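S.K.: The following file, target-v1.txt, comprises compact mmCIF, C-alpha atoms:
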# COMPACT_ATOMS: atom_id res chain seq x y z
CA MET A 1 -6.44 20.66 -11.58
CA ARG A 2 -7.71 21.86 -8.20
CA PHE A 3 -11.05 23.01 -9.62
CA PRO A 4 -12.00 19.67 -11.30
CA PHE A 5 -10.79 17.78 -8.23
CA TYR A 6 -12.87 19.94 -5.89
CA ILE A 7 -16.05 19.44 -7.96
CA ALA A 8 -15.39 15.69 -8.40
CA ARG A 9 -14.92 15.27 -4.65
CA ARG A 10 -18.24 17.03 -3.97
CA TYR A 11 -20.01 14.85 -6.53
CA LEU A 12 -18.58 11.71 -4.93
CA PHE A 13 -19.85 12.40 -1.42
CA SER A 14 -22.91 14.59 -2.03
CA LYS A 15 -26.46 13.26 -2.25
CA LYS A 16 -27.66 12.89 -5.85
CA LYS A 17 -31.06 13.88 -7.20
CA THR A 18 -31.82 10.26 -7.94
CA ASN A 19 -31.13 7.79 -5.11
CA ILE A 20 -30.26 5.01 -7.54
CA ILE A 21 -27.09 6.90 -8.47
CA ASN A 22 -25.94 6.79 -4.83
CA LEU A 23 -26.68 3.07 -4.75
CA ILE A 24 -24.74 2.42 -7.97
CA SER A 25 -21.82 4.46 -6.61
CA ILE A 26 -21.76 2.32 -3.45
CA ILE A 27 -21.88 -0.83 -5.57
CA SER A 28 -18.98 0.44 -7.69
CA VAL A 29 -16.83 1.16 -4.63
CA SER A 30 -17.82 -2.16 -3.06
CA GLY A 31 -16.97 -4.10 -6.22
CA ALA A 32 -13.52 -2.55 -6.45
CA ALA A 33 -12.99 -3.06 -2.70
CA VAL A 34 -13.95 -6.75 -2.75
CA ALA A 35 -11.73 -7.48 -5.77
CA THR A 36 -8.84 -5.59 -4.14
CA MET A 37 -9.34 -7.44 -0.86
CA ALA A 38 -9.31 -10.77 -2.72
CA LEU A 39 -6.06 -9.85 -4.45
CA ILE A 40 -4.38 -8.96 -1.15
CA ILE A 41 -5.55 -12.13 0.59
CA VAL A 42 -4.75 -14.57 -2.24
CA LEU A 43 -1.27 -13.13 -2.89
CA SER A 44 -0.54 -13.18 0.85
CA VAL A 45 -1.59 -16.83 1.11
CA PHE A 46 0.77 -17.73 -1.74
CA ASN A 47 3.52 -15.80 0.07
CA GLY A 48 2.69 -17.73 3.23
CA PHE A 49 3.06 -21.11 1.53
CA SER A 50 6.31 -19.98 -0.11
CA ASP A 51 7.75 -18.81 3.22
CA MET A 52 6.59 -22.02 4.89
CA VAL A 53 8.36 -24.20 2.31
CA ALA A 54 11.49 -22.06 2.62
CA SER A 55 11.45 -22.46 6.42
CA LEU A 56 11.22 -26.24 6.07
CA LEU A 57 14.21 -26.31 3.76
CA THR A 58 16.41 -24.35 6.16
CA ASN A 59 16.91 -27.54 8.20
CA PHE A 60 18.51 -29.36 5.29
CA ASP A 61 19.55 -26.95 2.55
CA PRO A 62 22.51 -24.62 3.23
CA GLU A 63 22.38 -20.86 2.94
CA LEU A 64 24.70 -21.03 -0.08
CA LYS A 65 25.78 -23.95 -2.21
CA ILE A 66 28.68 -23.99 -4.68
CA VAL A 67 28.41 -26.52 -7.53
CA ALA A 68 30.40 -27.06 -10.72
CA THR A 69 28.97 -25.55 -13.90
CA GLU A 70 30.06 -28.58 -15.91
CA GLY A 71 30.41 -32.12 -14.65
CA LYS A 72 29.23 -33.71 -11.44
CA SER A 73 32.31 -33.43 -9.24
CA VAL A 74 35.38 -31.24 -8.90
CA ALA A 75 38.63 -31.35 -6.93
CA ALA A 76 38.07 -30.36 -3.30
CA ASP A 77 41.30 -28.32 -3.27
CA ASP A 78 40.36 -26.22 -6.28
CA PRO A 79 41.86 -22.71 -5.78
CA ILE A 80 38.52 -21.01 -6.40
CA LEU A 81 36.78 -23.12 -3.76
CA THR A 82 39.63 -22.49 -1.35
CA GLU A 83 39.32 -18.74 -1.85
CA ILE A 84 35.57 -18.85 -1.30
CA ARG A 85 35.70 -20.94 1.87
CA ASN A 86 38.37 -18.62 3.30
CA MET A 87 36.26 -15.49 2.85
CA ASP A 88 35.77 -13.51 6.06
CA GLU A 89 31.98 -13.67 5.69
CA VAL A 90 31.93 -17.49 5.74
CA ASP A 91 31.30 -19.09 9.12
CA ILE A 92 31.09 -22.82 8.26
CA ALA A 93 32.04 -24.69 5.08
CA THR A 94 31.17 -28.34 4.49
CA GLU A 95 32.34 -30.55 1.64
CA CYS A 96 29.63 -32.84 0.24
CA TYR A 97 29.63 -35.74 -2.15
CA GLU A 98 26.30 -37.10 -3.33
CA ASP A 99 25.21 -39.51 -6.01
CA GLN A 100 22.63 -42.20 -6.68
CA ALA A 101 23.04 -45.76 -5.46
CA LEU A 102 21.06 -48.90 -4.74
CA ALA A 103 20.24 -49.63 -1.09
CA ILE A 104 19.29 -53.13 0.07
CA TYR A 105 18.02 -54.09 3.52
CA GLY A 106 16.77 -57.62 3.97
CA ASP A 107 14.51 -58.41 1.04
CA ARG A 108 13.78 -54.75 0.19
CA GLN A 109 15.67 -52.41 -2.07
CA ALA A 110 15.39 -48.82 -3.24
CA THR A 111 17.26 -46.30 -5.36
CA VAL A 112 18.61 -43.66 -2.99
CA MET A 113 20.59 -40.46 -3.11
CA VAL A 114 23.58 -40.98 -0.86
CA LYS A 115 24.75 -37.65 0.54
CA GLY A 116 28.14 -37.78 2.22
CA VAL A 117 28.88 -34.81 4.47
CA GLU A 118 31.50 -33.72 6.97
CA ASP A 119 31.02 -33.92 10.71
CA ASN A 120 30.12 -30.22 10.96
CA PHE A 121 27.00 -30.62 8.78
CA ASN A 122 24.74 -30.30 11.84
CA LYS A 123 26.30 -26.88 12.50
CA LEU A 124 25.85 -25.84 8.90
CA CYS A 125 22.12 -26.68 8.89
CA SER A 126 19.65 -27.17 11.73
CA VAL A 127 19.59 -30.89 11.07
CA ASP A 128 19.39 -31.75 14.78
CA ASP A 129 15.90 -30.25 14.83
CA ILE A 130 14.60 -32.77 12.30
CA LEU A 131 16.14 -35.94 13.76
CA TYR A 132 13.85 -38.51 15.38
CA GLY A 133 14.89 -41.60 17.33
CA SER A 134 17.01 -42.65 20.26
CA GLY A 135 20.38 -41.79 18.70
CA GLN A 136 22.09 -38.59 17.67
CA PHE A 137 23.82 -37.03 14.68
CA GLN A 138 26.80 -39.31 14.16
CA LEU A 139 28.28 -40.26 10.81
CA HIS A 140 31.18 -42.53 11.73
CA ALA A 141 33.16 -44.04 14.56
CA GLY A 142 36.57 -45.34 13.61
CA ILE A 143 36.19 -47.53 10.53
CA LEU A 144 32.43 -47.86 11.02
CA HIS A 145 30.09 -45.60 9.06
CA TYR A 146 26.49 -44.79 9.97
CA ALA A 147 23.39 -44.03 7.94
CA ILE A 148 20.70 -41.45 8.69
CA PRO A 149 17.85 -42.14 6.24
CA GLY A 150 14.82 -40.03 5.49
CA VAL A 151 11.73 -41.15 7.40
CA MET A 152 9.81 -42.27 4.30
CA LEU A 153 12.84 -44.16 2.99
CA ALA A 154 13.18 -45.97 6.32
CA GLN A 155 9.50 -46.94 6.19
CA ASP A 156 9.75 -48.20 2.60
CA MET A 157 12.82 -50.27 3.46
CA GLY A 158 11.18 -51.76 6.54
CA MET A 159 13.69 -50.16 8.92
CA ASN A 160 13.09 -48.47 12.26
CA ALA A 161 15.08 -45.49 13.44
CA ARG A 162 17.47 -48.06 14.90
CA TYR A 163 17.67 -51.07 12.59
CA ASN A 164 19.56 -54.31 13.09
CA GLY A 165 22.35 -55.54 10.87
CA TYR A 166 23.75 -53.67 7.90
CA LEU A 167 22.28 -51.55 5.13
CA LYS A 168 24.12 -52.49 1.94
CA ILE A 169 24.84 -49.81 -0.65
CA TYR A 170 25.68 -50.64 -4.28
CA ALA A 171 27.13 -48.15 -6.77
CA PRO A 172 28.38 -48.83 -10.32
CA ARG A 173 32.14 -48.72 -10.76
CA ARG A 174 33.45 -45.77 -12.73
CA GLU A 175 36.61 -47.39 -14.02
CA GLY A 176 37.47 -50.71 -15.65
CA GLN A 177 35.63 -52.87 -18.13
CA LEU A 178 32.25 -54.44 -17.58
CA ASN A 179 32.37 -58.08 -16.49
CA MET A 180 29.25 -59.63 -17.97
CA SER A 181 30.09 -63.07 -16.62
CA ASN A 182 30.05 -61.76 -13.06
CA PRO A 183 27.86 -58.62 -12.86
CA ALA A 184 28.54 -58.19 -9.14
CA GLU A 185 32.09 -57.12 -9.94
CA ASN A 186 30.72 -54.09 -11.78
CA PHE A 187 29.52 -52.56 -8.50
CA SER A 188 31.21 -51.05 -5.48
CA VAL A 189 29.60 -52.43 -2.34
CA ASP A 190 29.76 -51.15 1.21
CA SER A 191 27.63 -51.31 4.34
CA LEU A 192 26.22 -48.79 6.80
CA MET A 193 25.16 -49.26 10.38
CA SER A 194 22.25 -47.52 12.05
CA ALA A 195 22.84 -44.17 13.75
CA GLY A 196 19.61 -44.67 15.69
CA VAL A 197 17.83 -41.72 14.07
CA VAL A 198 15.95 -40.72 10.93
CA PHE A 199 15.36 -37.22 9.57
CA MET A 200 12.06 -35.70 8.46
CA VAL A 201 12.07 -32.53 6.35
CA ASN A 202 8.38 -32.90 5.35
CA GLN A 203 9.51 -32.85 1.71
CA SER A 204 9.16 -36.14 -0.16
CA ARG A 205 12.22 -35.33 -2.26
CA TYR A 206 14.38 -35.66 0.85
CA ASP A 207 12.34 -37.90 3.15
CA LYS A 208 11.84 -40.57 0.50
CA ASP A 209 15.14 -40.54 -1.41
CA TYR A 210 17.98 -39.18 0.72
CA LEU A 211 20.44 -40.98 2.96
CA LEU A 212 22.97 -39.05 5.06
CA THR A 213 26.37 -40.55 5.82
CA SER A 214 30.03 -39.54 6.10
CA ILE A 215 31.82 -38.04 3.15
CA HIS A 216 34.59 -40.66 3.50
CA PHE A 217 32.06 -43.42 2.88
CA ALA A 218 30.58 -41.62 -0.14
CA ARG A 219 33.98 -40.95 -1.71
CA ASN A 220 35.04 -44.57 -1.31
CA LEU A 221 31.75 -45.88 -2.66
CA PHE A 222 31.66 -43.62 -5.72
CA GLU A 223 35.45 -43.67 -6.29
CA GLY A 224 35.68 -39.91 -5.79
CA GLN A 225 38.70 -39.54 -3.52
CA GLY A 226 39.70 -35.91 -3.16
CA MET A 227 36.56 -34.79 -4.98
CA LEU A 228 33.30 -33.10 -4.00
CA THR A 229 29.99 -32.47 -5.72
CA SER A 230 29.18 -29.33 -3.73
CA LEU A 231 30.62 -26.96 -1.16
CA GLU A 232 27.94 -25.88 1.28
CA LEU A 233 28.30 -22.68 3.27
CA LYS A 234 26.85 -20.87 6.26
CA LEU A 235 27.51 -17.16 6.67
CA LYS A 236 28.37 -15.28 9.83
CA ASN A 237 25.64 -12.77 9.03
CA ALA A 238 22.68 -14.14 7.06
CA SER A 239 21.43 -10.62 6.31
CA GLN A 240 24.45 -10.12 4.02
CA LEU A 241 23.52 -13.14 1.88
CA ASN A 242 22.79 -11.25 -1.35
CA THR A 243 25.93 -9.14 -1.07
CA VAL A 244 28.13 -12.13 -0.30
CA LYS A 245 26.53 -14.16 -3.08
CA LYS A 246 27.45 -11.47 -5.62
CA LYS A 247 31.06 -11.44 -4.38
CA MET A 248 31.25 -15.23 -4.60
CA ARG A 249 29.86 -15.24 -8.12
CA LYS A 250 32.61 -12.87 -9.21
CA ILE A 251 35.20 -15.21 -7.73
CA ALA A 252 33.51 -18.33 -9.14
CA GLY A 253 33.30 -16.96 -12.68
CA ASP A 254 31.97 -19.43 -15.23
CA LYS A 255 33.43 -22.49 -13.50
CA PHE A 256 31.04 -22.63 -10.53
CA ARG A 257 27.47 -21.68 -9.72
CA VAL A 258 26.54 -20.05 -6.41
CA LEU A 259 23.02 -21.02 -5.34
CA ASP A 260 20.90 -19.71 -2.48
CA ARG A 261 18.07 -21.78 -0.95
CA TYR A 262 15.51 -20.68 -3.53
CA GLU A 263 17.85 -21.47 -6.41
CA GLN A 264 18.56 -24.89 -4.93
CA GLN A 265 14.83 -25.66 -5.28
CA PRO A 266 14.07 -24.03 -8.65
CA ASP A 267 11.16 -26.27 -9.63
CA THR A 268 9.31 -25.92 -6.33
CA PHE A 269 9.48 -22.14 -6.12
CA ARG A 270 9.01 -21.61 -9.88
CA VAL A 271 5.73 -23.51 -9.77
CA MET A 272 4.59 -21.46 -6.78
CA GLN A 273 5.48 -18.20 -8.54
CA ILE A 274 3.60 -19.29 -11.68
CA GLU A 275 0.55 -20.18 -9.60
CA LYS A 276 0.74 -16.82 -7.85
CA LEU A 277 0.98 -15.02 -11.21
CA LEU A 278 -2.01 -16.91 -12.62
CA ALA A 279 -4.06 -16.12 -9.51
CA TYR A 280 -3.10 -12.45 -9.85
CA LEU A 281 -4.14 -12.36 -13.53
CA PHE A 282 -7.41 -14.17 -12.83
CA LEU A 283 -8.37 -11.82 -10.00
CA THR A 284 -7.31 -8.81 -12.06
CA PHE A 285 -9.78 -9.94 -14.73
CA ILE A 286 -12.48 -10.11 -12.05
CA LEU A 287 -11.43 -6.62 -10.96
CA MET A 288 -11.89 -5.38 -14.53
CA VAL A 289 -15.39 -6.83 -14.60
CA ALA A 290 -16.15 -5.19 -11.25
CA CYS A 291 -14.93 -1.85 -12.57
CA PHE A 292 -17.57 -1.89 -15.29
CA ASN A 293 -19.88 -0.65 -12.53
CA ILE A 294 -17.93 2.60 -12.66
CA PHE A 295 -19.12 3.05 -16.26
CA GLY A 296 -22.73 2.82 -15.09
CA THR A 297 -22.08 5.21 -12.22
CA LEU A 298 -20.50 7.83 -14.48
CA SER A 299 -23.25 7.47 -17.07
CA MET A 300 -25.96 8.14 -14.50
CA LEU A 301 -23.94 10.93 -12.89
CA MET A 302 -23.31 12.75 -16.17
CA ILE A 303 -27.01 12.60 -17.00
CA ASP A 304 -27.91 13.79 -13.49
CA LYS A 305 -25.47 16.71 -13.64
CA ARG A 306 -26.27 18.09 -17.11
CA ASP A 307 -27.73 21.24 -15.59
CA ASP A 308 -24.62 21.63 -13.41
CA VAL A 309 -22.44 21.26 -16.51
CA ALA A 310 -24.26 24.15 -18.16
CA THR A 311 -23.79 26.25 -15.04
CA LEU A 312 -20.08 25.42 -14.86
CA ARG A 313 -19.63 26.32 -18.51
CA ASN A 314 -21.34 29.68 -17.91
CA LEU A 315 -18.98 30.28 -15.00
CA GLY A 316 -16.01 29.87 -17.34
CA ALA A 317 -15.15 26.18 -17.03
CA THR A 318 -13.64 24.76 -20.19
CA ASN A 319 -14.82 21.57 -21.84
CA SER A 320 -11.62 19.76 -20.88
CA GLN A 321 -12.09 20.77 -17.23
CA ILE A 322 -15.66 19.48 -17.24
CA THR A 323 -14.56 16.19 -18.80
CA ARG A 324 -11.75 15.99 -16.26
CA ILE A 325 -14.31 16.27 -13.42
CA PHE A 326 -15.99 13.03 -14.41
CA GLN A 327 -12.68 11.29 -15.11
CA LEU A 328 -11.51 12.22 -11.62
CA GLU A 329 -14.82 10.97 -10.26
CA GLY A 330 -14.13 7.52 -11.72
CA TRP A 331 -10.54 7.53 -10.47
CA MET A 332 -11.65 8.52 -6.99
CA ILE A 333 -14.15 5.64 -6.95
CA SER A 334 -11.30 3.28 -7.89
CA ALA A 335 -8.97 4.81 -5.29
CA LEU A 336 -11.62 4.62 -2.55
CA GLY A 337 -12.33 1.00 -3.42
CA ALA A 338 -8.60 0.23 -3.45
CA VAL A 339 -8.01 1.81 -0.03
CA ILE A 340 -11.01 0.07 1.54
CA GLY A 341 -10.09 -3.26 -0.09
CA ILE A 342 -6.45 -3.07 1.01
CA ALA A 343 -7.48 -2.16 4.55
CA LEU A 344 -9.95 -5.06 4.75
CA GLY A 345 -7.45 -7.45 3.17
CA LEU A 346 -4.71 -6.49 5.64
CA LEU A 347 -7.16 -6.81 8.53
CA LEU A 348 -8.23 -10.31 7.48
CA CYS A 349 -4.61 -11.33 6.94
CA TYR A 350 -3.77 -10.09 10.43
CA LEU A 351 -6.68 -12.02 11.93
CA GLN A 352 -5.62 -15.15 10.04
CA GLN A 353 -2.09 -14.80 11.42
CA THR A 354 -3.20 -14.22 15.02
CA VAL A 355 -6.51 -16.06 15.36
CA GLY A 356 -6.50 -18.52 12.47
CA LEU A 357 -9.86 -17.87 10.83
CA VAL A 358 -9.46 -20.58 8.16
CA LYS A 359 -8.13 -24.02 9.08
CA MET A 360 -6.16 -26.31 6.78
CA GLY A 361 -8.35 -29.26 7.73
CA SER A 362 -10.86 -30.47 10.26
CA THR A 363 -8.58 -33.24 11.60
CA GLU A 364 -5.90 -32.07 14.03
CA GLY A 365 -2.38 -33.08 13.02
CA GLN A 366 -3.42 -33.92 9.46
CA PHE A 367 -1.25 -31.14 8.00
CA ILE A 368 2.14 -29.66 8.88
CA ILE A 369 0.45 -26.45 10.00
CA GLU A 370 -3.01 -25.97 11.45
CA ASN A 371 -4.08 -22.75 9.69
CA TYR A 372 -3.56 -21.41 6.19
CA PRO A 373 -0.24 -19.52 6.22
CA VAL A 374 -0.36 -15.82 5.40
CA SER A 375 2.53 -13.46 4.74
CA VAL A 376 1.92 -9.88 3.59
CA HIS A 377 4.64 -8.38 1.40
CA ALA A 378 4.77 -4.62 0.96
CA ALA A 379 5.61 -5.04 -2.74
CA ASP A 380 2.37 -6.96 -3.29
CA VAL A 381 0.33 -4.21 -1.62
CA VAL A 382 1.91 -1.62 -3.93
CA ILE A 383 1.32 -3.82 -7.00
CA VAL A 384 -2.32 -4.34 -6.07
CA PHE A 385 -2.92 -0.62 -5.54
CA VAL A 386 -1.25 0.28 -8.86
CA THR A 387 -3.27 -2.46 -10.60
CA VAL A 388 -6.58 -1.18 -9.24
CA MET A 389 -5.74 2.39 -10.21
CA ALA A 390 -4.61 1.34 -13.70
CA VAL A 391 -7.80 -0.63 -14.25
CA GLY A 392 -9.81 2.31 -12.90
CA ILE A 393 -8.13 4.71 -15.34
CA LEU A 394 -8.74 2.38 -18.27
CA ALA A 395 -12.34 1.87 -17.21
CA THR A 396 -12.92 5.63 -16.93
CA TRP A 397 -10.98 7.42 -19.64
CA TYR A 398 -12.67 6.15 -22.81
CA PRO A 399 -16.23 5.88 -21.38
CA VAL A 400 -16.09 9.51 -20.19
CA LYS A 401 -14.87 10.69 -23.59
CA TYR A 402 -17.61 8.67 -25.30
CA LEU A 403 -20.36 9.83 -22.95
CA ALA A 404 -19.22 13.44 -23.22
CA ARG A 405 -19.75 13.31 -26.99
CA ARG A 406 -23.11 11.52 -26.70
CA LEU A 407 -24.41 13.90 -24.07
CA GLN A 408 -22.95 16.93 -25.93
CA ILE A 409 -20.89 17.99 -22.92
CA ASN A 410 -18.02 18.92 -25.21
CA GLU A 411 -20.14 21.17 -27.32
Using structure tokens, write down the structure from this file.
M.R.:
Amino acid sequence: MRFPFYIARRYLFSKKKTNIINLISIISVSGAAVATMALIIVLSVFNGFSDMVASLLTNFDPELKIVATEGKSVAADDPILTEIRNMDEVDIATECYEDQALAIYGDRQATVMVKGVEDNFNKLCSVDDILYGSGQFQLHAGILHYAIPGVMLAQDMGMNARYNGYLKIYAPRREGQLNMSNPAENFSVDSLMSAGVVFMVNQSRYDKDYLLTSIHFARNLFEGQGMLTSLELKLKNASQLNTVKKKMRKIAGDKFRVLDRYEQQPDTFRVMQIEKLLAYLFLTFILMVACFNIFGTLSMLMIDKRDDVATLRNLGATNSQITRIFQLEGWMISALGAVIGIALGLLLCYLQQTVGLVKMGSTEGQFIIENYPVSVHAADVVIVFVTVMAVGILATWYPVKYLARRLQINE
């Protein structure tokens, strides 16, 4: 193996008899490098958007969420839930009850998701960081209950952060027969006062549909006394999340599901992963096209080195060793292009992170972030390198065998 590698390395860097071969070799390396660089940059941008969305959700979604496998609600004192919330790794546990209802303010109405939470919800999530207005996080005072709507919901309902009067909430009754003569009796009705703040997650799912209030209000409205729809948890050590999640899933069995932040937003992150996969496949196809240049390089090189092949054969080189020389030549072109492309891709990603080479838009404040987000994952770098090498091997192995027969190198 050392002999073919030594000869292939000399062929790669030595000056050829015909200058066009050197030019084609440079084009081959450049093509592989550009395609590799594009793969690194595009995958890193997708990672950046994914990490950005995840960071936005940390202010509202808990680290772990326990929900029933079947049904919407479950008893809050369920032994399994009690065991989970009493685990040593759990720092904060919050009972939640959420369901859809109709909200009416003045002459406007909207279907909302009422999320009732305990008073420690602001310690569970960084909700204080996304509150805007003159008030503070407060869910109730005595018999009065307060509402903290999403910013888009407040706009649609014609409410300010601190609105006047009451926000009426209607929910269908779960028990009893329908009274068609008086439809109003078929609904539970209650009112919420303004807490003086709204929240903004920068996700329309929350900002447009969600309404935070106390869990006592939600249970009374939806006739779910002693029940919860989810148990939300914060761990003492977030780095142990995967380990703790596995332990909780063993305790939960088939009765409950244990969801991390990504699993709480399956549609959002699944779409992003599919888009990332499609971009990877598309750029890999471009890489395959770029690697066709290697075929031209090897063709010209094998023609140029026919006299050298005869000399090597006279010196005792076998046909397989001679064929291996040109195969290694193609692999080395792929490897050199991969290394250069990865280095350039990482450099551009670093500059984008520090300097911000590419802006999201020309108008300041138009987007949540000013520059395109970039996040380099080591796994992606390894995948790209393996992909380039695999494509290089496929683009080299058969052409070399074919050219060796045509040029009678194997004879």
S.K.: Between atom CA of A:Asp380 and atom CA of A:Pro62, what is the distance, to one decimal in Å?
M.R.: 27.6 Å
S.K.: Determine, counting only C-alpha atoms, which protein, DNA and RNA residues have an atom within 8 Å of an atom of A:Leu192; residues of the same chain fewer than 2 positions away are not included. Present the result as a ChimeraX atom specification.
M.R.: /A:144-147,166-169,190,194
S.K.: Which residue, A:Gly341, A:Gly224, A:Gly106, A:Gly165, has the smallest gap to A:Gly31 when you use only C-alpha atoms?
M.R.: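 The closest residue to A:Gly31 is A:Gly341.
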S.K.: Would you mind reading off the distance between atom CA of A:Met332 and atom CA of A:Val400, one decimal, in Å?
M.R.: 14.0 Å
S.K.: Need the shell around A:Leu233: protein/DNA/RNA residues with any atom at most 8 Å away, counting all atoms listed in the file. Skip same-chain ones fewer than 4 positions apart. Format as a list of chain:residue names?
M.R.: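 In the requested format, the answer is A:Pro62, A:Glu63, A:Leu64, A:Lys65, A:Arg85, A:Val90, A:Asp91, A:Ile92, A:Ala93, A:Thr94, A:Leu124.
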S.K.: When you draw a straight line from atom CA of A:Leu102 to atom CA of A:Thr69, how long is it in Å?
M.R.: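 Separating atom CA of A:Leu102 from atom CA of A:Thr69 is a distance of 26.3 Å.
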S.K.: In file coordinates, which residues lie within 6 Å of (18.9, -28.3, 8.9) using only C-alpha atoms, given as a PyMOL selection string?
M.R.: chain A and resi 58-60+125-127
S.K.: Taking 4 positions as the minimum chain separation for residues in the same chain, which residues sit within 8 Å of A:Thr213 when counting only C-alpha atoms? Answer as number ranges by chain.
M.R.: A: 114-117, 139-140, 145-148, 217-218
S.K.: Save the residues we just selected, C-alpha atoms, as a JSON list (two decimals), in the coordinates of the input?
M.R.:
[["chain", "number", "residue", "atom", "x", "y", "z"],
["A", 114, "VAL", "CA", 23.58, -40.98, -0.86],
["A", 115, "LYS", "CA", 24.75, -37.65, 0.54],
["A", 116, "GLY", "CA", 28.14, -37.78, 2.22],
["A", 117, "VAL", "CA", 28.88, -34.81, 4.47],
["A", 139, "LEU", "CA", 28.28, -40.26, 10.81],
["A", 140, "HIS", "CA", 31.18, -42.53, 11.73],
["A", 145, "HIS", "CA", 30.09, -45.60, 9.06],
["A", 146, "TYR", "CA", 26.49, -44.79, 9.97],
["A", 147, "ALA", "CA", 23.39, -44.03, 7.94],
["A", 148, "ILE", "CA", 20.70, -41.45, 8.69],
["A", 217, "PHE", "CA", 32.06, -43.42, 2.88],
["A", 218, "ALA", "CA", 30.58, -41.62, -0.14]]
S.K.: Could you pull the residues within 8 Å of A:Lys276, counting all atoms listed in the file, minus those fewer than 3 positions along the same chain, as a ChimeraX atom specification?
M.R.: /A:43,46,272-273,279-280
S.K.: Would you put the residues from that selection into a file with C-alpha atoms, as a PDB file, keeping the file's coordinate frame?
M.R.:
ATOM      1  CA  LEU A  43      -1.270 -13.130  -2.890  1.00  0.00           C
ATOM      2  CA  PHE A  46       0.770 -17.730  -1.740  1.00  0.00           C
ATOM      3  CA  MET A 272       4.590 -21.460  -6.780  1.00  0.00           C
ATOM      4  CA  GLN A 273       5.480 -18.200  -8.540  1.00  0.00           C
ATOM      5  CA  ALA A 279      -4.060 -16.120  -9.510  1.00  0.00           C
ATOM      6  CA  TYR A 280      -3.100 -12.450  -9.850  1.00  0.00           C
TER       7      TYR A 280
END
S.K.: Can you work out which one of A:Ile215, A:Ala32, A:Ala335, A:Val376 has the shortest atom-to-atom distance to A:Gln353, counting all atoms listed in the file?
M.R.: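 Among A:Ile215, A:Ala32, A:Ala335, A:Val376, it is A:Val376 that comes nearest to A:Gln353.
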S.K.: Up to 10 Å from (-5.2, -14.2, -2.2) in the file's coordinates: name the residues, counting only C-alpha atoms, as a list in words.
M.R.: Thr36, Met37, Ala38, Leu39, Ile40, Ile41, Val42, Leu43, Ser44, Val45, Phe46, Asn47, Lys276, Ala279, Tyr280, Leu283, Gly345, Cys349 and Val374 of chain A
S.K.: Mind checking which residues fall within 12 Å of A:Val201, counting all atoms listed in the file, ignoring those fewer than 5 positions away in the same chain, and posting them as a count of residues only?
M.R.: 28
S.K.: Under the rule that only C-alpha atoms are counted, which of A:Leu347, A:Ile286, A:Met227, A:Leu212 is the nearest residue to A:Ser73?
M.R.: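 Checking each of A:Leu347, A:Ile286, A:Met227, A:Leu212 against A:Ser73, counting only C-alpha atoms, the winner is A:Met227.
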S.K.: For stretch 116-127 of chain A, supply N, CA and C atoms and format the output as a short mmCIF file (atom, residue, chain, number, x, y, z; two decimals), in the frame of the given file.
M.R.:
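The new file part_26.cif reads:
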data_model
loop_
_atom_site.label_atom_id
_atom_site.label_comp_id
_atom_site.auth_asym_id
_atom_site.auth_seq_id
_atom_site.Cartn_x
_atom_site.Cartn_y
_atom_site.Cartn_z
N GLY A 116 27.05 -37.75 1.24
CA GLY A 116 28.14 -37.78 2.22
C GLY A 116 28.52 -36.38 2.64
N VAL A 117 28.58 -36.15 3.94
CA VAL A 117 28.88 -34.81 4.47
C VAL A 117 29.94 -34.91 5.55
N GLU A 118 30.51 -33.77 5.89
CA GLU A 118 31.50 -33.72 6.97
C GLU A 118 30.80 -33.67 8.32
N ASP A 119 31.59 -33.83 9.37
CA ASP A 119 31.02 -33.92 10.71
C ASP A 119 30.34 -32.62 11.16
N ASN A 120 30.70 -31.50 10.54
CA ASN A 120 30.12 -30.22 10.96
C ASN A 120 28.82 -29.89 10.22
N PHE A 121 28.23 -30.87 9.55
CA PHE A 121 27.00 -30.62 8.78
C PHE A 121 25.86 -30.18 9.70
N ASN A 122 25.81 -30.70 10.92
CA ASN A 122 24.74 -30.30 11.84
C ASN A 122 24.90 -28.87 12.33
N LYS A 123 26.11 -28.29 12.18
CA LYS A 123 26.30 -26.88 12.50
C LYS A 123 25.99 -26.00 11.30
N LEU A 124 26.16 -26.57 10.12
CA LEU A 124 25.85 -25.84 8.90
C LEU A 124 24.34 -25.64 8.75
N CYS A 125 23.57 -26.71 8.98
CA CYS A 125 22.12 -26.68 8.89
C CYS A 125 21.54 -27.10 10.25
N SER A 126 20.30 -26.80 10.47
CA SER A 126 19.65 -27.17 11.73
C SER A 126 19.13 -28.60 11.66
N VAL A 127 20.01 -29.52 11.28
CA VAL A 127 19.59 -30.89 11.07
C VAL A 127 19.19 -31.58 12.37
#
